[in-house]
Structure formats: structure tokens, C-alpha cells
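S.K.: First the structure, then my questions, so here it is.
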Amino acid sequence: MATATKSKSSTSAPKKAASKSTVSPATRPTTNDSMLQKFFSDELKDIYWAEKHLVKTLPKMKKAATSAQLQKAFEEHLQVTKEHVTRLEQVFEILGKKPQAKKCDAMAGITEEGEGIIEDTEKGTATRDVGLVLAAQKVEHYEIATYGGLAQLAATLGYNDISDILQLTLNEEKQADLTLTQIAESSINYKASEETEKN
């Protein structure tokens with residue numbers, strides 16, 4: 001999940017996008033009814049639902065976690081995810097559309113799998129934390145793929161300001177994935193390897 005410190009190897013994040021579009025009309029698409037434009041809009045609705053769903057899911061993951069470091073990571077990423085929701089609402093505003101969510105079957109399935117991990121592992125164990133990290137990284141990888149694709153589509157359609165907004169979120173999702181890996185490799189994977197089932 002996202003932390004206050006950025007990786008030294010990461011590039012500097014783009015400046016925060018303004019609340020209004022800064023791209024000149026000449027760079028805008030000539031048509032708003034192309035198949036690609038419709039596909040782009042539908043995918044925005046999909047990730048908007050996914051982010052709002054995560055706002056409800058992350059507190060459950062934090063509660064289920066044993067590691068204080070992992071709990072902190074989930075809490076910090078909850079705040080970042082709320083910002084992602086706000087950014088997507090800004091994107092809808094730039095497009096002149098009302099924010100609308102469409103159920104994301106992929107995110108629904110990934111989070112359902114995460115709930116199953118909680119049910120199948122013992123409370124208070126590092127093994128459960130390992131499962132939570134795995135579930136959270138599946139979420140991050142889906143979001144990385146989605147935001148990467150959407151940023152490219154936005155640029156293709158001439159929405160360079162929207163592309164910048166989506167790229168900012170993409171960078172934060174990549175950092176979140178890196179943070180989860182660091183947490184797993186620094187402690188909980190080793191602790192879990194020493195745990196045995198209780199009779």
C-alpha cells in the first residue's frame with residue numbers, strides 16, 4: 001500500500017491536476033460518439049466502481065491483519081484510494097459527464113477471493129497476513145493494468161489532462177505494490193514459514 005516515502009528509483013510524480021481541464025479545445029477529439037470513446041467511458045465507470053468498492057473493503061483487510069506494519073499500509077492506502085475516487089470524479093467532470101459506476105466483475109471476484117482467504121486462515125497468524133498481501137497485490141496488479149491502459153487511451157483520444165490524472169494514480173498503485181512486496185519480504189513471509197497447525 002502507498003506510504004509517505006517514495007522509492008528512490010521511482011520517477012517524480014506528475015503535478016496534481018487542476019480541477020478544470022487545461023487542454024486546449026484543439027487537442028480534443030473531433031467526435032464523442034466513436035466506439036473507442038464509448039469503450040473508454042465504460043471502462044472509467046468500471047474502475048470507478050472498483051475504487052469505491054475498495055473503500056469499503058480495505059477497512060476489513062486492516063481489521064483482519066495481524067502485522068502492525070500491514071495494518072498501517074492498509075490504512076494509508078485507504079486514504080489514497082479515497083483520493084483516487086475523487087480523481088475519477090474529476091475525470092468525469094472534464095468529460096462533461098456525471099460520475100457513474102458500473103459493477104466491475106473482476107474487482108468483485110478478487111475481493112471475494114480475499115474474503116475467502118480471511119475465512120480459510122487462522123486469526124492472529126502471519127499466514128493470514130501472507131494471504132492478505134497476496135490478495136491485495138492481485139488488486140494492485142489489476143489496477144496497474146487498468147490505469148496504464150486508460151492513461152494510454154486518454155492520450156490517444158486527445159485528453160492529455162485526463163491522461164496525466166490517470167498516470168498519477170498509476171504511479172501510486174505501482175508504489176503500493178512495491179510496499180506490499182517489501183512488507184512481505186522483510187518479515188511476514190519468514191514468520192509464516194515457521195507456523196504450524198495447532199491440533
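In the C-alpha cells, chains take the letters A, B, ... in the order shown, each chain's residues start at 1, and ligands count up from 1 in the order shown.
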May I have the residues within 8 Å of stretch 39-55 of chain A as a ChimeraX atom specification, using only C-alpha atoms and disregarding those fewer than 2 positions away in the same chain?
M.R.: /A:35-37,57-59,78,81-82,84-85,88,99-104,107-108,143,146,150,153-154
S.K.: For the selection just defined, write its residues with N, CA and C atoms to a file, as a PDB file, in the first residue's frame.
M.R.:
```
ATOM      1  N   MET A  35     -16.562   4.430 -31.246  1.00  0.00           N
ATOM      2  CA  MET A  35     -16.590   3.202 -30.434  1.00  0.00           C
ATOM      3  C   MET A  35     -15.518   3.241 -29.346  1.00  0.00           C
ATOM      4  N   LEU A  36     -14.355   3.809 -29.668  1.00  0.00           N
ATOM      5  CA  LEU A  36     -13.278   3.897 -28.679  1.00  0.00           C
ATOM      6  C   LEU A  36     -13.662   4.832 -27.543  1.00  0.00           C
ATOM      7  N   GLN A  37     -14.316   5.939 -27.876  1.00  0.00           N
ATOM      8  CA  GLN A  37     -14.765   6.874 -26.842  1.00  0.00           C
ATOM      9  C   GLN A  37     -15.760   6.198 -25.905  1.00  0.00           C
ATOM     10  N   THR A  57     -13.762  -2.197   1.305  1.00  0.00           N
ATOM     11  CA  THR A  57     -13.058  -3.452   1.554  1.00  0.00           C
ATOM     12  C   THR A  57     -11.794  -3.286   2.393  1.00  0.00           C
ATOM     13  N   LEU A  58     -11.054  -2.204   2.195  1.00  0.00           N
ATOM     14  CA  LEU A  58      -9.776  -2.026   2.883  1.00  0.00           C
ATOM     15  C   LEU A  58      -9.885  -2.015   4.413  1.00  0.00           C
ATOM     16  N   PRO A  59     -10.925  -1.408   5.009  1.00  0.00           N
ATOM     17  CA  PRO A  59     -11.044  -1.479   6.470  1.00  0.00           C
ATOM     18  C   PRO A  59     -11.183  -2.924   6.979  1.00  0.00           C
ATOM     19  N   LEU A  78      -6.089   3.219   2.147  1.00  0.00           N
ATOM     20  CA  LEU A  78      -7.500   3.601   2.171  1.00  0.00           C
ATOM     21  C   LEU A  78      -7.632   5.096   1.871  1.00  0.00           C
ATOM     22  N   THR A  81      -6.883   5.651  -1.753  1.00  0.00           N
ATOM     23  CA  THR A  81      -7.979   5.161  -2.600  1.00  0.00           C
ATOM     24  C   THR A  81      -9.131   6.164  -2.631  1.00  0.00           C
ATOM     25  N   LYS A  82      -9.393   6.804  -1.517  1.00  0.00           N
ATOM     26  CA  LYS A  82     -10.419   7.846  -1.495  1.00  0.00           C
ATOM     27  C   LYS A  82     -10.046   8.980  -2.445  1.00  0.00           C
ATOM     28  N   HIS A  84      -8.256   8.545  -5.114  1.00  0.00           N
ATOM     29  CA  HIS A  84      -8.444   8.002  -6.460  1.00  0.00           C
ATOM     30  C   HIS A  84      -9.897   8.151  -6.912  1.00  0.00           C
ATOM     31  N   VAL A  85     -10.822   7.939  -5.985  1.00  0.00           N
ATOM     32  CA  VAL A  85     -12.239   8.128  -6.293  1.00  0.00           C
ATOM     33  C   VAL A  85     -12.497   9.581  -6.694  1.00  0.00           C
ATOM     34  N   LEU A  88     -11.204  10.333 -10.187  1.00  0.00           N
ATOM     35  CA  LEU A  88     -12.075   9.809 -11.239  1.00  0.00           C
ATOM     36  C   LEU A  88     -13.304  10.693 -11.412  1.00  0.00           C
ATOM     37  N   PRO A  99     -20.571  11.408 -12.726  1.00  0.00           N
ATOM     38  CA  PRO A  99     -19.892  10.192 -12.274  1.00  0.00           C
ATOM     39  C   PRO A  99     -20.865   9.023 -12.173  1.00  0.00           C
ATOM     40  N   GLN A 100     -20.514   7.928 -12.799  1.00  0.00           N
ATOM     41  CA  GLN A 100     -21.388   6.763 -12.823  1.00  0.00           C
ATOM     42  C   GLN A 100     -20.550   5.498 -12.655  1.00  0.00           C
ATOM     43  N   ALA A 101     -20.999   4.608 -11.799  1.00  0.00           N
ATOM     44  CA  ALA A 101     -20.281   3.359 -11.555  1.00  0.00           C
ATOM     45  C   ALA A 101     -20.990   2.192 -12.227  1.00  0.00           C
ATOM     46  N   LYS A 102     -20.192   1.306 -12.789  1.00  0.00           N
ATOM     47  CA  LYS A 102     -20.702   0.068 -13.378  1.00  0.00           C
ATOM     48  C   LYS A 102     -19.959  -1.081 -12.715  1.00  0.00           C
ATOM     49  N   LYS A 103     -20.684  -2.056 -12.201  1.00  0.00           N
ATOM     50  CA  LYS A 103     -20.045  -3.124 -11.440  1.00  0.00           C
ATOM     51  C   LYS A 103     -18.870  -3.729 -12.191  1.00  0.00           C
ATOM     52  N   CYS A 104     -17.745  -3.783 -11.483  1.00  0.00           N
ATOM     53  CA  CYS A 104     -16.525  -4.370 -12.033  1.00  0.00           C
ATOM     54  C   CYS A 104     -16.456  -5.821 -11.578  1.00  0.00           C
ATOM     55  N   MET A 107     -12.938  -6.914 -10.114  1.00  0.00           N
ATOM     56  CA  MET A 107     -12.639  -6.473  -8.757  1.00  0.00           C
ATOM     57  C   MET A 107     -13.532  -7.169  -7.739  1.00  0.00           C
ATOM     58  N   ALA A 108     -14.779  -7.395  -8.108  1.00  0.00           N
ATOM     59  CA  ALA A 108     -15.688  -8.111  -7.211  1.00  0.00           C
ATOM     60  C   ALA A 108     -15.148  -9.508  -6.934  1.00  0.00           C
ATOM     61  N   GLU A 143      -5.358  -3.025 -10.949  1.00  0.00           N
ATOM     62  CA  GLU A 143      -5.447  -1.574 -11.083  1.00  0.00           C
ATOM     63  C   GLU A 143      -4.309  -1.012 -11.934  1.00  0.00           C
ATOM     64  N   THR A 146      -5.225  -1.622 -15.470  1.00  0.00           N
ATOM     65  CA  THR A 146      -6.349  -0.775 -15.878  1.00  0.00           C
ATOM     66  C   THR A 146      -5.936   0.674 -16.071  1.00  0.00           C
ATOM     67  N   LEU A 150      -5.896   2.852 -19.499  1.00  0.00           N
ATOM     68  CA  LEU A 150      -6.756   4.032 -19.600  1.00  0.00           C
ATOM     69  C   LEU A 150      -5.955   5.304 -19.858  1.00  0.00           C
ATOM     70  N   LEU A 153      -5.241   5.298 -23.516  1.00  0.00           N
ATOM     71  CA  LEU A 153      -6.439   5.602 -24.287  1.00  0.00           C
ATOM     72  C   LEU A 153      -6.794   7.087 -24.208  1.00  0.00           C
ATOM     73  N   ALA A 154      -6.632   7.665 -23.023  1.00  0.00           N
ATOM     74  CA  ALA A 154      -6.930   9.087 -22.856  1.00  0.00           C
ATOM     75  C   ALA A 154      -6.036   9.929 -23.767  1.00  0.00           C
TER      76      ALA A 154
END
```
S.K.: Taking the DSSP assignment computed from this structure's backbone, write out as a ChimeraX atom specification all residues of stretch 15-125 of chain A that belong to helix (DSSP H, G or I).
M.R.: /A:25-27,35-64,68-94,105-120
S.K.: As an NGL selection string, please: the residues near A:Lys138 (cut-off 10 Å, only C-alpha atoms, same-chain neighbours under 3 positions excluded).
M.R.: :A and (107 or 110-111 or 113-114 or 132-135 or 141-144 or 177)
S.K.: Give me, please, the distance in Å between atom CA of A:Ala73 and atom CA of A:Ile118, quoted to one decimal.
M.R.: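 So the answer is 17.3 Å.
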S.K.: What lies within 12 Å of stretch 182-185 of chain A using only C-alpha atoms, ignoring chain neighbours under 4 positions off, as a PyMOL selection string?
M.R.: chain A and resi 1-3+7+67-74+126-134+136-137+175-178+189-193
S.K.: Using only C-alpha atoms, find the one residue out of A:Ala64, A:Leu157, A:Leu180, A:Lys97 that sits nearest to A:Gly116.
M.R.: A:Ala64
S.K.: Counting only C-alpha atoms, figure out which residue out of A:Glu173, A:Glu140, A:Leu166, A:Asn160 gets nearest to A:Thr86.
M.R.: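 Checking each of A:Glu173, A:Glu140, A:Leu166, A:Asn160 against A:Thr86, counting only C-alpha atoms, the winner is A:Leu166.
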